[in-house]
Structure formats: C-alpha cells, structure tokens
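Undergrad: Provided herewith: model_0.pdb, PDB, N, CA and C atoms.
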ATOM      1  N   MET A   1      31.148 111.548  13.004
ATOM      2  CA  MET A   1      31.953 110.524  13.640
ATOM      3  C   MET A   1      31.047 109.452  14.262
ATOM      4  N   ALA A   2      29.954 109.877  14.864
ATOM      5  CA  ALA A   2      29.031 108.916  15.481
ATOM      6  C   ALA A   2      28.405 108.015  14.419
ATOM      7  N   VAL A   3      28.096 108.573  13.262
ATOM      8  CA  VAL A   3      27.517 107.773  12.177
ATOM      9  C   VAL A   3      28.535 106.742  11.690
ATOM     10  N   PHE A   4      29.804 107.161  11.557
ATOM     11  CA  PHE A   4      30.843 106.225  11.137
ATOM     12  C   PHE A   4      30.998 105.092  12.144
ATOM     13  N   ILE A   5      31.080 105.426  13.418
ATOM     14  CA  ILE A   5      31.262 104.406  14.458
ATOM     15  C   ILE A   5      30.087 103.435  14.464
ATOM     16  N   THR A   6      28.874 103.965  14.347
ATOM     17  CA  THR A   6      27.691 103.102  14.311
ATOM     18  C   THR A   6      27.707 102.214  13.067
ATOM     19  N   GLY A   7      28.015 102.804  11.925
ATOM     20  CA  GLY A   7      28.073 102.025  10.684
ATOM     21  C   GLY A   7      29.142 100.952  10.733
ATOM     22  N   PHE A   8      30.305 101.296  11.276
ATOM     23  CA  PHE A   8      31.385 100.325  11.379
ATOM     24  C   PHE A   8      31.017  99.200  12.339
ATOM     25  N   ALA A   9      30.393  99.548  13.459
ATOM     26  CA  ALA A   9      30.006  98.542  14.452
ATOM     27  C   ALA A   9      28.932  97.600  13.912
ATOM     28  N   LEU A  10      28.097  98.096  13.018
ATOM     29  CA  LEU A  10      27.040  97.265  12.441
ATOM     30  C   LEU A  10      27.465  96.592  11.146
ATOM     31  N   GLY A  11      28.557  97.035  10.553
ATOM     32  CA  GLY A  11      28.985  96.528   9.251
ATOM     33  C   GLY A  11      30.261  95.718   9.324
ATOM     34  N   TRP A  12      31.385  96.318   8.874
ATOM     35  CA  TRP A  12      32.651  95.607   8.747
ATOM     36  C   TRP A  12      33.340  95.348  10.076
ATOM     37  N   GLY A  13      33.039  96.082  11.115
ATOM     38  CA  GLY A  13      33.731  95.939  12.397
ATOM     39  C   GLY A  13      33.732  94.538  12.979
ATOM     40  N   PRO A  14      32.590  93.877  13.073
ATOM     41  CA  PRO A  14      32.571  92.551  13.695
ATOM     42  C   PRO A  14      32.975  91.399  12.779
ATOM     43  N   ILE A  15      33.210  91.665  11.507
ATOM     44  CA  ILE A  15      33.501  90.586  10.560
ATOM     45  C   ILE A  15      34.715  89.743  10.955
ATOM     46  N   PRO A  16      35.871  90.343  11.295
ATOM     47  CA  PRO A  16      37.007  89.480  11.659
ATOM     48  C   PRO A  16      36.710  88.584  12.859
ATOM     49  N   TRP A  17      35.974  89.105  13.830
ATOM     50  CA  TRP A  17      35.660  88.322  15.027
ATOM     51  C   TRP A  17      34.723  87.166  14.679
ATOM     52  N   LEU A  18      33.788  87.411  13.800
ATOM     53  CA  LEU A  18      32.844  86.374  13.397
ATOM     54  C   LEU A  18      33.536  85.301  12.567
ATOM     55  N   ILE A  19      34.317  85.728  11.595
ATOM     56  CA  ILE A  19      34.974  84.773  10.693
ATOM     57  C   ILE A  19      35.954  83.888  11.450
ATOM     58  N   MET A  20      36.759  84.483  12.323
ATOM     59  CA  MET A  20      37.768  83.656  12.986
ATOM     60  C   MET A  20      37.135  82.636  13.922
ATOM     61  N   SER A  21      35.956  82.918  14.433
ATOM     62  CA  SER A  21      35.310  81.929  15.298
ATOM     63  C   SER A  21      34.688  80.793  14.500
ATOM     64  N   GLU A  22      34.471  81.001  13.202
ATOM     65  CA  GLU A  22      33.830  79.984  12.383
ATOM     66  C   GLU A  22      34.796  79.140  11.554
ATOM     67  N   ILE A  23      35.915  79.701  11.126
ATOM     68  CA  ILE A  23      36.716  78.985  10.133
ATOM     69  C   ILE A  23      37.942  78.273  10.678
ATOM     70  N   PHE A  24      38.399  78.629  11.867
ATOM     71  CA  PHE A  24      39.617  77.992  12.360
ATOM     72  C   PHE A  24      39.309  76.665  13.036
ATOM     73  N   PRO A  25      40.075  75.628  12.702
ATOM     74  CA  PRO A  25      39.899  74.332  13.370
ATOM     75  C   PRO A  25      40.251  74.457  14.854
ATOM     76  N   TYR A  26      39.700  73.555  15.640
ATOM     77  CA  TYR A  26      39.925  73.597  17.086
ATOM     78  C   TYR A  26      41.404  73.546  17.444
ATOM     79  N   LYS A  27      42.190  72.784  16.669
ATOM     80  CA  LYS A  27      43.602  72.585  16.995
ATOM     81  C   LYS A  27      44.402  73.886  16.977
ATOM     82  N   ILE A  28      44.059  74.786  16.085
ATOM     83  CA  ILE A  28      44.844  76.016  15.966
ATOM     84  C   ILE A  28      44.045  77.268  16.299
ATOM     85  N   ARG A  29      42.846  77.119  16.779
ATOM     86  CA  ARG A  29      41.969  78.271  16.987
ATOM     87  C   ARG A  29      42.577  79.322  17.903
ATOM     88  N   GLY A  30      43.233  78.926  18.972
ATOM     89  CA  GLY A  30      43.810  79.896  19.897
ATOM     90  C   GLY A  30      44.901  80.735  19.267
ATOM     91  N   VAL A  31      45.871  80.088  18.648
ATOM     92  CA  VAL A  31      46.983  80.798  18.022
ATOM     93  C   VAL A  31      46.500  81.611  16.820
ATOM     94  N   ALA A  32      45.667  81.014  15.984
ATOM     95  CA  ALA A  32      45.175  81.714  14.796
ATOM     96  C   ALA A  32      44.321  82.918  15.189
ATOM     97  N   SER A  33      43.512  82.785  16.207
ATOM     98  CA  SER A  33      42.708  83.918  16.673
ATOM     99  C   SER A  33      43.602  85.030  17.199
ATOM    100  N   ALA A  34      44.662  84.660  17.904
ATOM    101  CA  ALA A  34      45.596  85.663  18.417
ATOM    102  C   ALA A  34      46.259  86.423  17.268
ATOM    103  N   VAL A  35      46.633  85.720  16.218
ATOM    104  CA  VAL A  35      47.243  86.374  15.059
ATOM    105  C   VAL A  35      46.240  87.323  14.395
ATOM    106  N   CYS A  36      44.990  86.894  14.278
ATOM    107  CA  CYS A  36      43.956  87.755  13.687
ATOM    108  C   CYS A  36      43.720  89.009  14.524
ATOM    109  N   VAL A  37      43.653  88.838  15.834
ATOM    110  CA  VAL A  37      43.433  89.989  16.719
ATOM    111  C   VAL A  37      44.614  90.949  16.634
ATOM    112  N   LEU A  38      45.832  90.416  16.644
ATOM    113  CA  LEU A  38      47.018  91.258  16.531
ATOM    114  C   LEU A  38      47.020  92.028  15.211
ATOM    115  N   THR A  39      46.683  91.359  14.134
ATOM    116  CA  THR A  39      46.634  92.020  12.830
ATOM    117  C   THR A  39      45.549  93.086  12.794
ATOM    118  N   ASN A  40      44.375  92.771  13.314
ATOM    119  CA  ASN A  40      43.262  93.713  13.322
ATOM    120  C   ASN A  40      43.623  94.983  14.085
ATOM    121  N   TRP A  41      44.146  94.834  15.296
ATOM    122  CA  TRP A  41      44.496  96.003  16.111
ATOM    123  C   TRP A  41      45.710  96.735  15.556
ATOM    124  N   SER A  42      46.642  96.020  14.951
ATOM    125  CA  SER A  42      47.806  96.680  14.337
ATOM    126  C   SER A  42      47.369  97.568  13.174
ATOM    127  N   MET A  43      46.450  97.066  12.360
ATOM    128  CA  MET A  43      45.964  97.870  11.242
ATOM    129  C   MET A  43      45.160  99.078  11.735
ATOM    130  N   ALA A  44      44.375  98.890  12.798
ATOM    131  CA  ALA A  44      43.642 100.022  13.370
ATOM    132  C   ALA A  44      44.615 101.084  13.889
ATOM    133  N   PHE A  45      45.696 100.653  14.536
ATOM    134  CA  PHE A  45      46.718 101.579  15.016
ATOM    135  C   PHE A  45      47.373 102.294  13.844
ATOM    136  N   PHE A  46      47.717 101.559  12.793
ATOM    137  CA  PHE A  46      48.363 102.140  11.620
ATOM    138  C   PHE A  46      47.473 103.199  10.977
ATOM    139  N   ILE A  47      46.204 102.908  10.819
ATOM    140  CA  ILE A  47      45.261 103.868  10.219
ATOM    141  C   ILE A  47      45.164 105.114  11.090
ATOM    142  N   THR A  48      45.059 104.903  12.393
ATOM    143  CA  THR A  48      44.949 106.037  13.312
ATOM    144  C   THR A  48      46.190 106.923  13.259
ATOM    145  N   LYS A  49      47.366 106.310  13.229
ATOM    146  CA  LYS A  49      48.607 107.074  13.222
ATOM    147  C   LYS A  49      48.859 107.793  11.898
ATOM    148  N   THR A  50      48.381 107.255  10.799
ATOM    149  CA  THR A  50      48.676 107.855   9.493
ATOM    150  C   THR A  50      47.540 108.712   8.933
ATOM    151  N   PHE A  51      46.416 108.772   9.615
ATOM    152  CA  PHE A  51      45.255 109.480   9.078
ATOM    153  C   PHE A  51      45.554 110.961   8.839
ATOM    154  N   GLN A  52      46.134 111.639   9.800
ATOM    155  CA  GLN A  52      46.420 113.068   9.624
ATOM    156  C   GLN A  52      47.422 113.304   8.503
ATOM    157  N   ASP A  53      48.405 112.422   8.378
ATOM    158  CA  ASP A  53      49.365 112.552   7.278
ATOM    159  C   ASP A  53      48.671 112.372   5.932
ATOM    160  N   MET A  54      47.739 111.419   5.868
ATOM    161  CA  MET A  54      46.989 111.221   4.620
ATOM    162  C   MET A  54      46.130 112.432   4.305
ATOM    163  N   MET A  55      45.528 113.024   5.335
ATOM    164  CA  MET A  55      44.705 114.225   5.119
ATOM    165  C   MET A  55      45.560 115.359   4.568
ATOM    166  N   SER A  56      46.773 115.511   5.077
ATOM    167  CA  SER A  56      47.669 116.568   4.591
ATOM    168  C   SER A  56      48.151 116.279   3.170
ATOM    169  N   LEU A  57      48.471 115.036   2.913
ATOM    170  CA  LEU A  57      49.027 114.654   1.615
ATOM    171  C   LEU A  57      47.968 114.561   0.517
ATOM    172  N   LEU A  58      46.820 113.961   0.833
ATOM    173  CA  LEU A  58      45.802 113.671  -0.182
ATOM    174  C   LEU A  58      44.593 114.596  -0.148
ATOM    175  N   SER A  59      44.447 115.413   0.859
ATOM    176  CA  SER A  59      43.267 116.235   1.148
ATOM    177  C   SER A  59      42.161 115.342   1.710
ATOM    178  N   SER A  60      41.135 115.958   2.225
ATOM    179  CA  SER A  60      40.049 115.159   2.820
ATOM    180  C   SER A  60      39.331 114.330   1.755
ATOM    181  N   ALA A  61      39.146 114.904   0.566
ATOM    182  CA  ALA A  61      38.482 114.152  -0.503
ATOM    183  C   ALA A  61      39.330 112.972  -0.955
ATOM    184  N   GLY A  62      40.623 113.188  -1.097
ATOM    185  CA  GLY A  62      41.516 112.105  -1.510
ATOM    186  C   GLY A  62      41.563 110.993  -0.481
ATOM    187  N   THR A  63      41.581 111.368   0.784
ATOM    188  CA  THR A  63      41.583 110.365   1.853
ATOM    189  C   THR A  63      40.283 109.573   1.833
ATOM    190  N   PHE A  64      39.165 110.271   1.654
ATOM    191  CA  PHE A  64      37.874 109.596   1.551
ATOM    192  C   PHE A  64      37.879 108.589   0.409
ATOM    193  N   TRP A  65      38.354 109.008  -0.767
ATOM    194  CA  TRP A  65      38.353 108.114  -1.923
ATOM    195  C   TRP A  65      39.316 106.951  -1.750
ATOM    196  N   LEU A  66      40.416 107.176  -1.062
ATOM    197  CA  LEU A  66      41.335 106.076  -0.762
ATOM    198  C   LEU A  66      40.643 105.021   0.095
ATOM    199  N   PHE A  67      39.995 105.483   1.172
ATOM    200  CA  PHE A  67      39.288 104.546   2.041
ATOM    201  C   PHE A  67      38.102 103.900   1.325
ATOM    202  N   ALA A  68      37.414 104.665   0.497
ATOM    203  CA  ALA A  68      36.287 104.106  -0.269
ATOM    204  C   ALA A  68      36.766 103.018  -1.218
ATOM    205  N   SER A  69      37.904 103.243  -1.862
ATOM    206  CA  SER A  69      38.423 102.226  -2.777
ATOM    207  C   SER A  69      38.879 100.982  -2.019
ATOM    208  N   MET A  70      39.452 101.168  -0.846
ATOM    209  CA  MET A  70      39.846 100.011  -0.032
ATOM    210  C   MET A  70      38.615  99.223   0.425
ATOM    211  N   CYS A  71      37.552  99.920   0.777
ATOM    212  CA  CYS A  71      36.310  99.237   1.165
ATOM    213  C   CYS A  71      35.727  98.470  -0.022
ATOM    214  N   THR A  72      35.788  99.057  -1.207
ATOM    215  CA  THR A  72      35.308  98.376  -2.409
ATOM    216  C   THR A  72      36.129  97.116  -2.668
ATOM    217  N   ALA A  73      37.448  97.226  -2.549
ATOM    218  CA  ALA A  73      38.310  96.053  -2.722
ATOM    219  C   ALA A  73      37.993  94.988  -1.669
ATOM    220  N   ASN A  74      37.685  95.417  -0.453
ATOM    221  CA  ASN A  74      37.329  94.495   0.623
ATOM    222  C   ASN A  74      36.033  93.749   0.299
ATOM    223  N   VAL A  75      35.060  94.457  -0.233
ATOM    224  CA  VAL A  75      33.793  93.816  -0.611
ATOM    225  C   VAL A  75      34.029  92.787  -1.717
ATOM    226  N   ILE A  76      34.809  93.162  -2.715
ATOM    227  CA  ILE A  76      35.096  92.237  -3.814
ATOM    228  C   ILE A  76      35.842  91.005  -3.303
ATOM    229  N   PHE A  77      36.830  91.215  -2.448
ATOM    230  CA  PHE A  77      37.574  90.097  -1.864
ATOM    231  C   PHE A  77      36.643  89.178  -1.085
ATOM    232  N   THR A  78      35.772  89.764  -0.277
ATOM    233  CA  THR A  78      34.847  88.968   0.539
ATOM    234  C   THR A  78      33.917  88.141  -0.331
ATOM    235  N   ILE A  79      33.369  88.745  -1.359
ATOM    236  CA  ILE A  79      32.463  88.017  -2.254
ATOM    237  C   ILE A  79      33.197  86.889  -2.970
ATOM    238  N   ALA A  80      34.432  87.152  -3.384
ATOM    239  CA  ALA A  80      35.181  86.174  -4.178
ATOM    240  C   ALA A  80      35.790  85.044  -3.351
ATOM    241  N   PHE A  81      36.243  85.335  -2.119
ATOM    242  CA  PHE A  81      37.064  84.357  -1.414
ATOM    243  C   PHE A  81      36.537  83.867  -0.069
ATOM    244  N   VAL A  82      35.591  84.551   0.537
ATOM    245  CA  VAL A  82      35.092  84.116   1.848
ATOM    246  C   VAL A  82      33.865  83.239   1.637
ATOM    247  N   PRO A  83      33.941  81.973   2.052
ATOM    248  CA  PRO A  83      32.820  81.066   1.793
ATOM    249  C   PRO A  83      31.630  81.339   2.724
ATOM    250  N   GLU A  84      30.465  80.980   2.243
ATOM    251  CA  GLU A  84      29.259  81.062   3.070
ATOM    252  C   GLU A  84      29.304  79.916   4.072
ATOM    253  N   THR A  85      29.122  80.229   5.346
ATOM    254  CA  THR A  85      29.196  79.202   6.386
ATOM    255  C   THR A  85      27.861  78.959   7.073
ATOM    256  N   LYS A  86      26.832  79.640   6.641
ATOM    257  CA  LYS A  86      25.525  79.494   7.276
ATOM    258  C   LYS A  86      25.011  78.067   7.127
ATOM    259  N   GLY A  87      24.678  77.446   8.259
ATOM    260  CA  GLY A  87      24.119  76.104   8.253
ATOM    261  C   GLY A  87      25.127  74.991   8.019
ATOM    262  N   LYS A  88      26.426  75.304   8.042
ATOM    263  CA  LYS A  88      27.452  74.283   7.813
ATOM    264  C   LYS A  88      28.174  73.975   9.115
ATOM    265  N   THR A  89      28.571  72.729   9.242
ATOM    266  CA  THR A  89      29.334  72.328  10.419
ATOM    267  C   THR A  89      30.789  72.743  10.244
ATOM    268  N   LEU A  90      31.545  72.725  11.332
ATOM    269  CA  LEU A  90      32.963  73.061  11.269
ATOM    270  C   LEU A  90      33.709  72.106  10.345
ATOM    271  N   GLU A  91      33.322  70.846  10.339
ATOM    272  CA  GLU A  91      33.964  69.866   9.468
ATOM    273  C   GLU A  91      33.710  70.190   7.993
ATOM    274  N   GLN A  92      32.498  70.635   7.664
ATOM    275  CA  GLN A  92      32.191  71.018   6.285
ATOM    276  C   GLN A  92      32.983  72.260   5.870
ATOM    277  N   ILE A  93      33.132  73.205   6.780
ATOM    278  CA  ILE A  93      33.898  74.414   6.492
ATOM    279  C   ILE A  93      35.367  74.060   6.274
ATOM    280  N   GLU A  94      35.906  73.180   7.111
ATOM    281  CA  GLU A  94      37.290  72.739   6.945
ATOM    282  C   GLU A  94      37.472  72.042   5.591
ATOM    283  N   ALA A  95      36.489  71.260   5.184
ATOM    284  CA  ALA A  95      36.571  70.577   3.886
ATOM    285  C   ALA A  95      36.590  71.577   2.738
ATOM    286  N   ILE A  96      35.868  72.672   2.862
ATOM    287  CA  ILE A  96      35.874  73.711   1.840
ATOM    288  C   ILE A  96      37.286  74.268   1.679
ATOM    289  N   PHE A  97      37.954  74.540   2.799
ATOM    290  CA  PHE A  97      39.300  75.114   2.726
ATOM    291  C   PHE A  97      40.345  74.095   2.280
ATOM    292  N   ARG A  98      40.098  72.833   2.535
ATOM    293  CA  ARG A  98      41.009  71.787   2.047
ATOM    294  C   ARG A  98      40.790  71.497   0.575
ATOM    295  N   GLY A  99      39.640  71.895   0.054
ATOM    296  CA  GLY A  99      39.325  71.650  -1.358
ATOM    297  C   GLY A  99      38.725  70.274  -1.588
ATOM    298  N   THR A 100      38.223  69.638  -0.535
ATOM    299  CA  THR A 100      37.581  68.336  -0.677
ATOM    300  C   THR A 100      36.102  68.492  -0.429
ATOM    301  N   SER A 101      35.341  67.474  -0.767
ATOM    302  CA  SER A 101      33.911  67.549  -0.516
ATOM    303  C   SER A 101      33.643  67.240   0.947
ATOM    304  N   GLY A 102      32.723  67.993   1.508
ATOM    305  CA  GLY A 102      32.381  67.825   2.922
ATOM    306  C   GLY A 102      31.429  66.676   3.131
ATOM    307  N   PRO A 103      31.206  66.308   4.400
ATOM    308  CA  PRO A 103      30.288  65.207   4.711
ATOM    309  C   PRO A 103      28.853  65.541   4.400
TER     310      PRO A 103
END
Before anything else, please render the file you have as structure tokens.
TA:
Amino acid sequence: MAVFITGFALGWGPIPWLIMSEIFPYKIRGVASAVCVLTNWSMAFFITKTFQDMMSLLSSAGTFWLFASMCTANVIFTIAFVPETKGKTLEQIEAIFRGTSGP
C-alpha cells in the first residue's frame, strides 16, 4: 500500500492539479477548477466504495488487470490529447485549444 501511495503521489496523482492550473483561461479558472476537483474526488470516492465489490466479482487478479487497463488507456489518452505546455504562455496554450496559431 505504501508503494502504491508513493507511486501515485509521484505519478498520476498530481496530474489533474497541474493540468488545470495550466490550461484554463483566467475567466473561467475558478469554476473550471472546481469542476475538476469535484470530478477528481468523486471518482476517488467511487473507486473506494466499489473496490471490495470488484475484488469479490473479478478476483484480485481481475481487479488488478482492470485498473492496469484503465491506466494504459489513460496513458494513451494523455499522449494523444494532452498538449505539451512546457515553455508556452497561457495565450499560446489557449490558441492550441482554439485550433489557431499562437503568438
């Protein structure tokens, strides 16, 4: 459990917090961040509440493979759809999402 918590804290855990601080325009950042936080914590609650049921239904190996496949899908989604923002201004990032060329 400690290895999982450490891995999550160093890996996928901070991603939503990092992304939402970089991609949302100033005008909607407060509301959009609130929606992201609500979604993040709701999904964490859902996973926590259904984990034992999944263990009973799928076995520990099946549950592991389910989560592994979801992580794989998450990696593919991130590579395909999340833009690189390193060294870009907020205006350039907004232009990427609008589909126009940035300054």
Undergrad: Find the distance between CA of Trp41 in chain A and CA of Phe81 in chain A and write it in Å to one decimal.
TA: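 So the two atoms, CA of Trp41 in chain A and CA of Phe81 in chain A, lie 22.3 Å apart.
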Undergrad: In Å, with one decimal, what is the gap from CA of Pro83 in chain A to CA of Ile23 in chain A?
TA: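 About the pair CA of Pro83 in chain A and CA of Ile23 in chain A: they are 9.4 Å apart.
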Undergrad: I'd like the interatomic distance between CA of Ser69 in chain A and CA of Val35 in chain A, to a tenth of an Å.
TA: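 Here the two named atoms are 25.4 Å from each other.
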Undergrad: Please run DSSP on the backbone and report, as a ChimeraX atom specification, all residues within range 27-90 of chain A that come out as helix (DSSP H, G or I).
TA: /A:29-81,90
Undergrad: Let me have the centre and edge lengths in Å, one decimal, of the box along x, y and z around every listed atom of range 4-13 of chain A with 6 Å of margin on each side, as lines of an AutoDock Vina configuration file.
TA:
center_x = 30.4
center_y = 100.8
center_z = 11.6
size_x = 18.7
size_y = 24.6
size_z = 17.7
Undergrad: When the PyMOL selection byres (((chain A and resi 85 and name CA) around 12) and name CA) is applied to the file above, which residues end up in the set, as a ChimeraX atom specification?
TA: /A:18-23,82-84,86-97
Undergrad: Given the selection you just returned, output its residues as a file containing N, CA and C atoms, formatted as a PDB file, in the frame of the given file.
TA:
ATOM      1  N   LEU A  18      33.788  87.411  13.800  1.00  0.00           N
ATOM      2  CA  LEU A  18      32.844  86.374  13.397  1.00  0.00           C
ATOM      3  C   LEU A  18      33.536  85.301  12.567  1.00  0.00           C
ATOM      4  N   ILE A  19      34.317  85.728  11.595  1.00  0.00           N
ATOM      5  CA  ILE A  19      34.974  84.773  10.693  1.00  0.00           C
ATOM      6  C   ILE A  19      35.954  83.888  11.450  1.00  0.00           C
ATOM      7  N   MET A  20      36.759  84.483  12.323  1.00  0.00           N
ATOM      8  CA  MET A  20      37.768  83.656  12.986  1.00  0.00           C
ATOM      9  C   MET A  20      37.135  82.636  13.922  1.00  0.00           C
ATOM     10  N   SER A  21      35.956  82.918  14.433  1.00  0.00           N
ATOM     11  CA  SER A  21      35.310  81.929  15.298  1.00  0.00           C
ATOM     12  C   SER A  21      34.688  80.793  14.500  1.00  0.00           C
ATOM     13  N   GLU A  22      34.471  81.001  13.202  1.00  0.00           N
ATOM     14  CA  GLU A  22      33.830  79.984  12.383  1.00  0.00           C
ATOM     15  C   GLU A  22      34.796  79.140  11.554  1.00  0.00           C
ATOM     16  N   ILE A  23      35.915  79.701  11.126  1.00  0.00           N
ATOM     17  CA  ILE A  23      36.716  78.985  10.133  1.00  0.00           C
ATOM     18  C   ILE A  23      37.942  78.273  10.678  1.00  0.00           C
ATOM     19  N   VAL A  82      35.591  84.551   0.537  1.00  0.00           N
ATOM     20  CA  VAL A  82      35.092  84.116   1.848  1.00  0.00           C
ATOM     21  C   VAL A  82      33.865  83.239   1.637  1.00  0.00           C
ATOM     22  N   PRO A  83      33.941  81.973   2.052  1.00  0.00           N
ATOM     23  CA  PRO A  83      32.820  81.066   1.793  1.00  0.00           C
ATOM     24  C   PRO A  83      31.630  81.339   2.724  1.00  0.00           C
ATOM     25  N   GLU A  84      30.465  80.980   2.243  1.00  0.00           N
ATOM     26  CA  GLU A  84      29.259  81.062   3.070  1.00  0.00           C
ATOM     27  C   GLU A  84      29.304  79.916   4.072  1.00  0.00           C
ATOM     28  N   LYS A  86      26.832  79.640   6.641  1.00  0.00           N
ATOM     29  CA  LYS A  86      25.525  79.494   7.276  1.00  0.00           C
ATOM     30  C   LYS A  86      25.011  78.067   7.127  1.00  0.00           C
ATOM     31  N   GLY A  87      24.678  77.446   8.259  1.00  0.00           N
ATOM     32  CA  GLY A  87      24.119  76.104   8.253  1.00  0.00           C
ATOM     33  C   GLY A  87      25.127  74.991   8.019  1.00  0.00           C
ATOM     34  N   LYS A  88      26.426  75.304   8.042  1.00  0.00           N
ATOM     35  CA  LYS A  88      27.452  74.283   7.813  1.00  0.00           C
ATOM     36  C   LYS A  88      28.174  73.975   9.115  1.00  0.00           C
ATOM     37  N   THR A  89      28.571  72.729   9.242  1.00  0.00           N
ATOM     38  CA  THR A  89      29.334  72.328  10.419  1.00  0.00           C
ATOM     39  C   THR A  89      30.789  72.743  10.244  1.00  0.00           C
ATOM     40  N   LEU A  90      31.545  72.725  11.332  1.00  0.00           N
ATOM     41  CA  LEU A  90      32.963  73.061  11.269  1.00  0.00           C
ATOM     42  C   LEU A  90      33.709  72.106  10.345  1.00  0.00           C
ATOM     43  N   GLU A  91      33.322  70.846  10.339  1.00  0.00           N
ATOM     44  CA  GLU A  91      33.964  69.866   9.468  1.00  0.00           C
ATOM     45  C   GLU A  91      33.710  70.190   7.993  1.00  0.00           C
ATOM     46  N   GLN A  92      32.498  70.635   7.664  1.00  0.00           N
ATOM     47  CA  GLN A  92      32.191  71.018   6.285  1.00  0.00           C
ATOM     48  C   GLN A  92      32.983  72.260   5.870  1.00  0.00           C
ATOM     49  N   ILE A  93      33.132  73.205   6.780  1.00  0.00           N
ATOM     50  CA  ILE A  93      33.898  74.414   6.492  1.00  0.00           C
ATOM     51  C   ILE A  93      35.367  74.060   6.274  1.00  0.00           C
ATOM     52  N   GLU A  94      35.906  73.180   7.111  1.00  0.00           N
ATOM     53  CA  GLU A  94      37.290  72.739   6.945  1.00  0.00           C
ATOM     54  C   GLU A  94      37.472  72.042   5.591  1.00  0.00           C
ATOM     55  N   ALA A  95      36.489  71.260   5.184  1.00  0.00           N
ATOM     56  CA  ALA A  95      36.571  70.577   3.886  1.00  0.00           C
ATOM     57  C   ALA A  95      36.590  71.577   2.738  1.00  0.00           C
ATOM     58  N   ILE A  96      35.868  72.672   2.862  1.00  0.00           N
ATOM     59  CA  ILE A  96      35.874  73.711   1.840  1.00  0.00           C
ATOM     60  C   ILE A  96      37.286  74.268   1.679  1.00  0.00           C
ATOM     61  N   PHE A  97      37.954  74.540   2.799  1.00  0.00           N
ATOM     62  CA  PHE A  97      39.300  75.114   2.726  1.00  0.00           C
ATOM     63  C   PHE A  97      40.345  74.095   2.280  1.00  0.00           C
TER      64      PHE A  97
END
Undergrad: For Pro16 in chain A, find every residue with an atom within 8 Å (counting all atoms listed in the file), except residues of its own chain fewer than 6 positions away, and show them as a PDB file with N, CA and C atoms, in the frame of the given file.
TA:
ATOM      1  N   GLU A  22      34.471  81.001  13.202  1.00  0.00           N
ATOM      2  CA  GLU A  22      33.830  79.984  12.383  1.00  0.00           C
ATOM      3  C   GLU A  22      34.796  79.140  11.554  1.00  0.00           C
ATOM      4  N   CYS A  36      44.990  86.894  14.278  1.00  0.00           N
ATOM      5  CA  CYS A  36      43.956  87.755  13.687  1.00  0.00           C
ATOM      6  C   CYS A  36      43.720  89.009  14.524  1.00  0.00           C
ATOM      7  N   VAL A  37      43.653  88.838  15.834  1.00  0.00           N
ATOM      8  CA  VAL A  37      43.433  89.989  16.719  1.00  0.00           C
ATOM      9  C   VAL A  37      44.614  90.949  16.634  1.00  0.00           C
ATOM     10  N   ASN A  40      44.375  92.771  13.314  1.00  0.00           N
ATOM     11  CA  ASN A  40      43.262  93.713  13.322  1.00  0.00           C
ATOM     12  C   ASN A  40      43.623  94.983  14.085  1.00  0.00           C
TER      13      ASN A  40
END
